[in-house]
file data-v2.cif (mmCIF, C-alpha atoms; chains and numbers go by the auth columns)
data_input
#
loop_
_atom_site.group_PDB
_atom_site.id
_atom_site.type_symbol
_atom_site.label_atom_id
_atom_site.label_comp_id
_atom_site.label_asym_id
_atom_site.label_seq_id
_atom_site.Cartn_x
_atom_site.Cartn_y
_atom_site.Cartn_z
_atom_site.B_iso_or_equiv
_atom_site.auth_seq_id
_atom_site.auth_asym_id
ATOM 1 C CA MET A 1 -41.215 -25.759 1.288 0.00 1 A
ATOM 2 C CA GLU A 2 -38.164 -25.734 -0.928 0.00 2 A
ATOM 3 C CA ILE A 3 -36.711 -29.029 -2.126 0.00 3 A
ATOM 4 C CA PRO A 4 -32.914 -29.056 -2.511 0.00 4 A
ATOM 5 C CA PRO A 5 -31.809 -29.812 -6.094 0.00 5 A
ATOM 6 C CA LYS A 6 -30.542 -33.280 -6.836 0.00 6 A
ATOM 7 C CA SER A 7 -27.208 -33.939 -8.426 0.00 7 A
ATOM 8 C CA PRO A 8 -27.061 -35.686 -11.837 0.00 8 A
ATOM 9 C CA ASP A 9 -26.286 -39.074 -10.259 0.00 9 A
ATOM 10 C CA GLY A 10 -29.448 -38.897 -8.111 0.00 10 A
ATOM 11 C CA SER A 11 -27.812 -38.351 -4.728 0.00 11 A
ATOM 12 C CA GLU A 12 -28.791 -35.317 -2.675 0.00 12 A
ATOM 13 C CA LYS A 13 -26.214 -32.972 -1.203 0.00 13 A
ATOM 14 C CA SER A 14 -26.905 -30.657 1.668 0.00 14 A
ATOM 15 C CA PRO A 15 -26.367 -26.902 1.217 0.00 15 A
ATOM 16 C CA GLN A 16 -23.699 -27.027 3.915 0.00 16 A
ATOM 17 C CA SER A 17 -21.602 -29.515 1.971 0.00 17 A
ATOM 18 C CA LYS A 18 -21.885 -27.379 -1.171 0.00 18 A
ATOM 19 C CA GLU A 19 -20.771 -24.378 0.851 0.00 19 A
ATOM 20 C CA LEU A 20 -17.771 -26.278 2.203 0.00 20 A
ATOM 21 C CA LEU A 21 -16.767 -27.401 -1.269 0.00 21 A
ATOM 22 C CA THR A 22 -16.827 -23.903 -2.735 0.00 22 A
ATOM 23 C CA SER A 23 -15.420 -21.929 0.218 0.00 23 A
ATOM 24 C CA ASN A 24 -11.931 -20.481 0.148 0.00 24 A
ATOM 25 C CA THR A 25 -9.490 -21.901 2.621 0.00 25 A
ATOM 26 C CA ALA A 26 -6.853 -19.915 4.440 0.00 26 A
ATOM 27 C CA SER A 27 -4.111 -21.286 2.192 0.00 27 A
ATOM 28 C CA THR A 28 -5.766 -19.984 -0.963 0.00 28 A
ATOM 29 C CA LEU A 29 -6.291 -16.637 0.736 0.00 29 A
ATOM 30 C CA CYS A 30 -2.597 -16.504 1.571 0.00 30 A
ATOM 31 C CA ILE A 31 -1.667 -17.259 -2.020 0.00 31 A
ATOM 32 C CA SER A 32 -3.981 -14.628 -3.459 0.00 32 A
ATOM 33 C CA SER A 33 -2.926 -11.983 -0.946 0.00 33 A
ATOM 34 C CA ARG A 34 -1.716 -8.661 -2.350 0.00 34 A
ATOM 35 C CA SER A 35 1.210 -8.258 0.021 0.00 35 A
ATOM 36 C CA GLU A 36 3.216 -11.427 0.001 0.00 36 A
ATOM 37 C CA SER A 37 5.820 -9.887 2.299 0.00 37 A
ATOM 38 C CA VAL A 38 3.510 -10.552 5.238 0.00 38 A
ATOM 39 C CA TRP A 39 3.608 -14.288 4.502 0.00 39 A
ATOM 40 C CA THR A 40 7.266 -14.568 3.493 0.00 40 A
ATOM 41 C CA SER A 41 10.152 -13.778 5.782 0.00 41 A
ATOM 42 C CA ALA A 42 12.569 -12.782 3.013 0.00 42 A
ATOM 43 C CA SER A 43 14.338 -9.520 3.738 0.00 43 A
ATOM 44 C CA ARG A 44 13.847 -6.699 1.266 0.00 44 A
ATOM 45 C CA SER A 45 16.304 -4.011 0.273 0.00 45 A
ATOM 46 C CA LYS A 46 15.877 -0.393 1.346 0.00 46 A
ATOM 47 C CA TRP A 47 14.936 0.585 -2.220 0.00 47 A
ATOM 48 C CA ASP A 48 12.174 -2.055 -2.311 0.00 48 A
ATOM 49 C CA ILE A 49 10.767 -0.635 0.908 0.00 49 A
ATOM 50 C CA TYR A 50 11.126 3.105 0.284 0.00 50 A
ATOM 51 C CA HIS A 51 10.888 3.476 -3.515 0.00 51 A
ATOM 52 C CA LYS A 52 7.281 4.717 -3.593 0.00 52 A
ATOM 53 C CA PRO A 53 7.690 7.564 -1.068 0.00 53 A
ATOM 54 C CA VAL A 54 11.015 8.562 -2.643 0.00 54 A
ATOM 55 C CA ILE A 55 9.336 8.828 -6.053 0.00 55 A
ATOM 56 C CA VAL A 56 6.455 10.841 -4.569 0.00 56 A
ATOM 57 C CA VAL A 57 8.898 13.226 -2.836 0.00 57 A
ATOM 58 C CA SER A 58 10.931 13.630 -6.036 0.00 58 A
ATOM 59 C CA VAL A 59 7.891 14.342 -8.192 0.00 59 A
ATOM 60 C CA GLY A 60 6.526 16.709 -5.546 0.00 60 A
ATOM 61 C CA ALA A 61 9.798 18.643 -5.401 0.00 61 A
ATOM 62 C CA ALA A 62 9.956 18.869 -9.203 0.00 62 A
ATOM 63 C CA VAL A 63 6.348 20.120 -9.468 0.00 63 A
ATOM 64 C CA PHE A 64 6.968 22.584 -6.629 0.00 64 A
ATOM 65 C CA LEU A 65 10.047 23.990 -8.390 0.00 65 A
ATOM 66 C CA PHE A 66 8.106 24.167 -11.665 0.00 66 A
ATOM 67 C CA GLY A 67 5.411 26.143 -9.835 0.00 67 A
ATOM 68 C CA MET A 68 8.056 28.503 -8.470 0.00 68 A
ATOM 69 C CA VAL A 69 9.401 29.119 -11.961 0.00 69 A
ATOM 70 C CA ILE A 70 5.946 29.766 -13.404 0.00 70 A
ATOM 71 C CA THR A 71 5.032 32.074 -10.519 0.00 71 A
ATOM 72 C CA SER A 72 8.249 34.033 -10.963 0.00 72 A
ATOM 73 C CA LEU A 73 7.523 34.286 -14.704 0.00 73 A
ATOM 74 C CA SER A 74 4.293 36.077 -13.857 0.00 74 A
ATOM 75 C CA CYS A 75 6.359 38.797 -12.186 0.00 75 A
ATOM 76 C CA ILE A 76 8.941 39.064 -14.979 0.00 76 A
ATOM 77 C CA GLN A 77 6.964 38.710 -18.216 0.00 77 A
ATOM 78 C CA SER A 78 4.046 40.854 -19.233 0.00 78 A
ATOM 79 C CA LYS A 79 2.821 38.447 -21.938 0.00 79 A
ATOM 80 C CA ASN A 80 0.383 35.756 -20.651 0.00 80 A
ATOM 81 C CA LYS A 81 0.597 37.216 -17.159 0.00 81 A
ATOM 82 C CA LYS A 82 -2.882 35.993 -16.160 0.00 82 A
ATOM 83 C CA VAL A 83 -2.073 32.413 -17.181 0.00 83 A
ATOM 84 C CA TYR A 84 1.136 32.417 -15.179 0.00 84 A
ATOM 85 C CA LYS A 85 -0.613 33.898 -12.137 0.00 85 A
ATOM 86 C CA MET A 86 -3.302 31.230 -12.323 0.00 86 A
ATOM 87 C CA CYS A 87 -1.121 28.169 -13.035 0.00 87 A
ATOM 88 C CA GLY A 88 1.867 29.041 -10.835 0.00 88 A
ATOM 89 C CA PRO A 89 0.143 28.756 -7.450 0.00 89 A
ATOM 90 C CA ALA A 90 -1.692 25.618 -8.604 0.00 90 A
ATOM 91 C CA PHE A 91 1.612 23.871 -9.350 0.00 91 A
ATOM 92 C CA LEU A 92 3.091 25.233 -6.119 0.00 92 A
ATOM 93 C CA SER A 93 0.277 23.774 -4.031 0.00 93 A
ATOM 94 C CA LEU A 94 0.231 20.445 -5.902 0.00 94 A
ATOM 95 C CA GLY A 95 3.992 20.061 -5.543 0.00 95 A
ATOM 96 C CA LEU A 96 3.905 20.965 -1.875 0.00 96 A
ATOM 97 C CA MET A 97 1.104 18.475 -1.267 0.00 97 A
ATOM 98 C CA LEU A 98 3.043 15.641 -2.933 0.00 98 A
ATOM 99 C CA LEU A 99 6.217 16.619 -1.114 0.00 99 A
ATOM 100 C CA VAL A 100 4.539 16.584 2.300 0.00 100 A
ATOM 101 C CA CYS A 101 2.700 13.308 1.575 0.00 101 A
ATOM 102 C CA GLY A 102 5.962 11.613 0.642 0.00 102 A
ATOM 103 C CA LEU A 103 7.770 12.993 3.674 0.00 103 A
ATOM 104 C CA VAL A 104 4.997 11.789 6.004 0.00 104 A
ATOM 105 C CA TRP A 105 4.884 8.387 4.306 0.00 105 A
ATOM 106 C CA ILE A 106 8.520 7.566 5.198 0.00 106 A
ATOM 107 C CA PRO A 107 8.073 7.531 9.026 0.00 107 A
ATOM 108 C CA ILE A 108 4.871 5.520 8.601 0.00 108 A
ATOM 109 C CA ILE A 109 6.799 2.842 6.699 0.00 109 A
ATOM 110 C CA ARG A 110 9.550 2.858 9.356 0.00 110 A
ATOM 111 C CA LYS A 111 6.985 2.343 12.106 0.00 111 A
ATOM 112 C CA LYS A 112 5.327 -0.453 10.162 0.00 112 A
ATOM 113 C CA GLN A 113 8.700 -2.181 9.659 0.00 113 A
ATOM 114 C CA LYS A 114 9.401 -2.046 13.405 0.00 114 A
ATOM 115 C CA GLN A 115 5.965 -3.489 14.180 0.00 115 A
ATOM 116 C CA ARG A 116 6.513 -6.264 11.632 0.00 116 A
ATOM 117 C CA GLN A 117 9.877 -7.124 13.213 0.00 117 A
ATOM 118 C CA LYS A 118 8.279 -7.245 16.665 0.00 118 A
ATOM 119 C CA SER A 119 5.430 -9.444 15.475 0.00 119 A
ATOM 120 C CA GLN A 120 7.854 -11.839 13.761 0.00 120 A
ATOM 121 C CA PHE A 121 9.876 -12.022 16.974 0.00 121 A
ATOM 122 C CA LEU A 122 6.748 -12.718 19.031 0.00 122 A
ATOM 123 C CA GLN A 123 5.594 -15.350 16.527 0.00 123 A
ATOM 124 C CA SER A 124 8.954 -17.130 16.791 0.00 124 A
ATOM 125 C CA LEU A 125 8.755 -17.030 20.601 0.00 125 A
ATOM 126 C CA LYS A 126 5.219 -18.363 20.537 0.00 126 A
ATOM 127 C CA SER A 127 6.130 -21.181 18.171 0.00 127 A
ATOM 128 C CA PHE A 128 9.160 -22.033 20.323 0.00 128 A
ATOM 129 C CA PHE A 129 7.151 -22.366 23.525 0.00 129 A
ATOM 130 C CA PHE A 130 3.973 -23.931 22.140 0.00 130 A
ATOM 131 C CA ASN A 131 5.514 -26.424 19.707 0.00 131 A
ATOM 132 C CA ARG A 132 7.274 -28.466 22.344 0.00 132 A
#

call {"tool": "encode", "arguments": {"input": "data-v2.cif", "output": "structure tokens"}}
result
Amino acid sequence: MEIPPKSPDGSEKSPQSKELLTSNTASTLCISSRSESVWTSASRSKWDIYHKPVIVVSVGAAVFLFGMVITSLSCIQSKNKKVYKMCGPAFLSLGLMLLVCGLVWIPIIRKKQKQRQKSQFLQSLKSFFFNR
């Protein structure tokens, strides 16, 4: 049978009380949350919302165009033709992948914003009716 350890002042504490003392409360979880926009109702600008997918689309388009240039160089130049033929399609596919990912990301963010607006509206209705 295991005897619980005693504290330095001689009093015994149960394991449940130790667990309660060291557990995280909801308020500390809210503070340490990654996305503070869920907890704050401050409105954000369009750039704050869409800057990541716009950057991904821009980089994808640039890499895609770079791949087109390298692929066309394989047709024009005879020097290093094998390198151009190998690297050109790789940049084309990488650029196209980034471009499509960014373009798909934008409607996902729009849908998430609409859901967030609906949930905030429902939360305000709930607080209005239940806090009377």

call {"tool": "closest_residue", "arguments": {"input": "data-v2.cif", "among": "A:Leu65, A:Ser43, A:Val54, A:Thr71", "to": "A:Ile106", "atoms": "all atoms listed in the file"}}
result
A:Val54

call {"tool": "atom_distance", "arguments": {"input": "data-v2.cif", "atom1": "atom CA of A:Val100", "atom2": "atom CA of A:Ala62"}}
result
12.9 Å

call {"tool": "atom_distance", "arguments": {"input": "data-v2.cif", "atom1": "atom CA of A:Gly67", "atom2": "atom CA of A:Gly95"}}
result
7.6 Å

call {"tool": "residues_around", "arguments": {"input": "data-v2.cif", "residues": "A:Pro53", "least_positions_apart": "6", "cutoff": "10 Å", "atoms": "all atoms listed in the file", "output": "PyMOL selection string"}}
result
chain A and resi 59+98-99+101-106+109

call {"tool": "atom_distance", "arguments": {"input": "data-v2.cif", "atom1": "atom CA of A:Leu96", "atom2": "atom CA of A:Lys114"}}
result
28.2 Å

call {"tool": "resolve_selection", "arguments": {"input": "data-v2.cif", "expression": "the PyMOL selection byres ((chain A and resi 73) around 12)", "output": "PDB file with C-alpha atoms, keeping the file's coordinate frame"}}
result
ATOM      1  CA  PHE A  66       8.106  24.167 -11.665  1.00  0.00           C
ATOM      2  CA  GLY A  67       5.411  26.143  -9.835  1.00  0.00           C
ATOM      3  CA  MET A  68       8.056  28.503  -8.470  1.00  0.00           C
ATOM      4  CA  VAL A  69       9.401  29.119 -11.961  1.00  0.00           C
ATOM      5  CA  ILE A  70       5.946  29.766 -13.404  1.00  0.00           C
ATOM      6  CA  THR A  71       5.032  32.074 -10.519  1.00  0.00           C
ATOM      7  CA  SER A  72       8.249  34.033 -10.963  1.00  0.00           C
ATOM      8  CA  SER A  74       4.293  36.077 -13.857  1.00  0.00           C
ATOM      9  CA  CYS A  75       6.359  38.797 -12.186  1.00  0.00           C
ATOM     10  CA  ILE A  76       8.941  39.064 -14.979  1.00  0.00           C
ATOM     11  CA  GLN A  77       6.964  38.710 -18.216  1.00  0.00           C
ATOM     12  CA  SER A  78       4.046  40.854 -19.233  1.00  0.00           C
ATOM     13  CA  LYS A  79       2.821  38.447 -21.938  1.00  0.00           C
ATOM     14  CA  ASN A  80       0.383  35.756 -20.651  1.00  0.00           C
ATOM     15  CA  LYS A  81       0.597  37.216 -17.159  1.00  0.00           C
ATOM     16  CA  LYS A  82      -2.882  35.993 -16.160  1.00  0.00           C
ATOM     17  CA  VAL A  83      -2.073  32.413 -17.181  1.00  0.00           C
ATOM     18  CA  TYR A  84       1.136  32.417 -15.179  1.00  0.00           C
ATOM     19  CA  LYS A  85      -0.613  33.898 -12.137  1.00  0.00           C
ATOM     20  CA  MET A  86      -3.302  31.230 -12.323  1.00  0.00           C
ATOM     21  CA  CYS A  87      -1.121  28.169 -13.035  1.00  0.00           C
ATOM     22  CA  GLY A  88       1.867  29.041 -10.835  1.00  0.00           C
ATOM     23  CA  PRO A  89       0.143  28.756  -7.450  1.00  0.00           C
TER      24      PRO A  89
END

call {"tool": "closest_residue", "arguments": {"input": "data-v2.cif", "among": "A:Ala90, A:Gly60, A:Phe128, A:Lys46", "to": "A:Arg110", "atoms": "only C-alpha atoms"}}
result
A:Lys46

call {"tool": "axis_aligned_box", "arguments": {"input": "data-v2.cif", "around": "stretch 43-48 of chain A", "padding_each_side": "4 Å", "output": "lines of an AutoDock Vina configuration file"}}
result
center_x = 14.2
center_y = -4.5
center_z = 0.7
size_x = 12.1
size_y = 18.1
size_z = 14.0

call {"tool": "decode", "arguments": {"input": "data-v2.cif", "residues": "stretch 99-116 of chain A", "atoms": "N, CA and C atoms", "output": "mmCIF file, in the first residue's frame"}}
result
data_model
loop_
_atom_site.group_PDB
_atom_site.id
_atom_site.type_symbol
_atom_site.label_atom_id
_atom_site.label_comp_id
_atom_site.auth_asym_id
_atom_site.auth_seq_id
_atom_site.Cartn_x
_atom_site.Cartn_y
_atom_site.Cartn_z
ATOM 1 N N LEU A 99 -0.148 27.389 -56.493
ATOM 2 C CA LEU A 99 -1.212 28.237 -57.032
ATOM 3 C C LEU A 99 -2.590 27.666 -56.705
ATOM 4 N N VAL A 100 -2.772 26.385 -56.915
ATOM 5 C CA VAL A 100 -4.064 25.750 -56.638
ATOM 6 C C VAL A 100 -4.352 25.738 -55.139
ATOM 7 N N CYS A 101 -3.335 25.453 -54.321
ATOM 8 C CA CYS A 101 -3.545 25.463 -52.858
ATOM 9 C C CYS A 101 -3.998 26.833 -52.372
ATOM 10 N N GLY A 102 -3.364 27.883 -52.871
ATOM 11 C CA GLY A 102 -3.762 29.230 -52.481
ATOM 12 C C GLY A 102 -5.157 29.583 -52.943
ATOM 13 N N LEU A 103 -5.493 29.169 -54.168
ATOM 14 C CA LEU A 103 -6.827 29.468 -54.699
ATOM 15 C C LEU A 103 -7.918 28.688 -53.975
ATOM 16 N N VAL A 104 -7.617 27.511 -53.477
ATOM 17 C CA VAL A 104 -8.601 26.730 -52.718
ATOM 18 C C VAL A 104 -8.711 27.260 -51.287
ATOM 19 N N TRP A 105 -7.627 27.813 -50.773
ATOM 20 C CA TRP A 105 -7.596 28.311 -49.407
ATOM 21 C C TRP A 105 -8.529 29.511 -49.225
ATOM 22 N N ILE A 106 -8.667 30.346 -50.241
ATOM 23 C CA ILE A 106 -9.478 31.571 -50.129
ATOM 24 C C ILE A 106 -10.951 31.256 -49.853
ATOM 25 N N PRO A 107 -11.623 30.360 -50.589
ATOM 26 C CA PRO A 107 -13.021 30.057 -50.244
ATOM 27 C C PRO A 107 -13.173 29.393 -48.875
ATOM 28 N N ILE A 108 -12.162 28.642 -48.460
ATOM 29 C CA ILE A 108 -12.220 28.029 -47.126
ATOM 30 C C ILE A 108 -12.232 29.108 -46.060
ATOM 31 N N ILE A 109 -11.408 30.132 -46.222
ATOM 32 C CA ILE A 109 -11.379 31.235 -45.250
ATOM 33 C C ILE A 109 -12.701 31.988 -45.262
ATOM 34 N N ARG A 110 -13.271 32.208 -46.465
ATOM 35 C CA ARG A 110 -14.570 32.897 -46.547
ATOM 36 C C ARG A 110 -15.650 32.122 -45.802
ATOM 37 N N LYS A 111 -15.668 30.810 -45.991
ATOM 38 C CA LYS A 111 -16.665 29.982 -45.314
ATOM 39 C C LYS A 111 -16.471 30.024 -43.805
ATOM 40 N N LYS A 112 -15.232 29.994 -43.376
ATOM 41 C CA LYS A 112 -14.939 30.048 -41.943
ATOM 42 C C LYS A 112 -15.366 31.393 -41.345
ATOM 43 N N GLN A 113 -15.173 32.482 -42.090
ATOM 44 C CA GLN A 113 -15.600 33.799 -41.615
ATOM 45 C C GLN A 113 -17.117 33.867 -41.462
ATOM 46 N N LYS A 114 -17.844 33.285 -42.420
ATOM 47 C CA LYS A 114 -19.311 33.274 -42.322
ATOM 48 C C LYS A 114 -19.773 32.462 -41.119
ATOM 49 N N GLN A 115 -19.129 31.306 -40.893
ATOM 50 C CA GLN A 115 -19.488 30.487 -39.735
ATOM 51 C C GLN A 115 -19.194 31.221 -38.436
ATOM 52 N N ARG A 116 -18.073 31.940 -38.388
ATOM 53 C CA ARG A 116 -17.716 32.688 -37.184
ATOM 54 C C ARG A 116 -18.733 33.789 -36.911
#
